[in-house]
Every structure is written in C-alpha cells, then in structure tokens.
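Working notes, structure below.
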Amino acid sequence: MEKYSSLSEFKKKNTEFLSQPIVQSFFDDSRNLSLLELSVVDGDIEAQNQLDRRFVEHFFLCRLIKYISTLSFRFSIDFNRPSDRVAALDRKVLFSSSNQ
C-alpha cells in the first residue's frame, strides 16, 4: 500500500472512494479512522489487516441488515394480500345476500 505523509493527504487523493456511503458509515467509527491512519501514514501491516477484517465484518452486517429489511418488507406485502382477498370475498357475499 502506498504510504502517505498524513491522513488528510490520503483523503484528498481518495475522495471518490471515501464518498461512498458504505465507506462513510465504516469510518464513522473513530477506531476505524485511527487504524486507517496507522495503515496509510505509518505503514503498519497489522493495522491494515485489522482494518480489512473490520471492513469485511461491517460490509457483511450492512448486507445482512439490507437483506432482512427487504425480506420483512416483502413478507408484509405478501402477508397482507390474502387478507385483502378474503375481505373482498366477504364484501361480495354480503353484497349478493343483501340484493336477494
């Protein structure tokens, strides 16, 4: 990995990468920022490895949360559909019996 003189220099050269929402949420944690600084400024390999592991965990959790959110949203739609059909049938039965 390229070594930088400061964290701000790294941020200037990698603005597009750092502007991604998943990366921004990862660096909201100050521990990740300090690991990044150790990695890019000091060239600490252990900090780089730890930063990589933490990002993999962060990415996995974000994907898992997105999956569960989508699943629950779709399940709620599917769950409401049969009750809509039953309510429509009930209305038809009530309407047809009142017309007789």
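Quick note on naming: the chains in the structure tokens go A, B, ... in the order shown, residues restart at 1 in each chain, and ligands are numbered from 1 in order of appearance.
Every protein, DNA or RNA residue with an atom at most 8 Å from Arg54 of chain A, where only C-alpha atoms count and chain neighbours fewer than 4 positions away do not, is listed here: A:Asn32, A:Gln50, A:His58.
The interatomic distance for the pair atom CA of Leu33 of chain A and atom CA of Lys3 of chain A works out to 15.6 Å.
Non-sequential neighbours of Gln24 of chain A (distance at most 12 Å, separation of 6 or more positions within a chain, only C-alpha atoms) are Lys11, Thr15, Glu16, Phe17, Leu18, Ser30, Asn32, Leu33, Phe55, His58 and Phe59 of chain A.
Take atom CA of Gly43 of chain A and atom CA of Tyr4 of chain A: the distance between them is 8.6 Å.
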Restricting to only C-alpha atoms, whichever of A:Gln48, A:Ser76, A:Ser25, A:Ser39 is closest to Leu7 of chain A is A:Ser39
From the options A:Asp28, A:Ala47, A:Asp42, A:Gln20, which residue's atoms come nearest to Ser5 of chain A, counting only C-alpha atoms?
A:Asp42
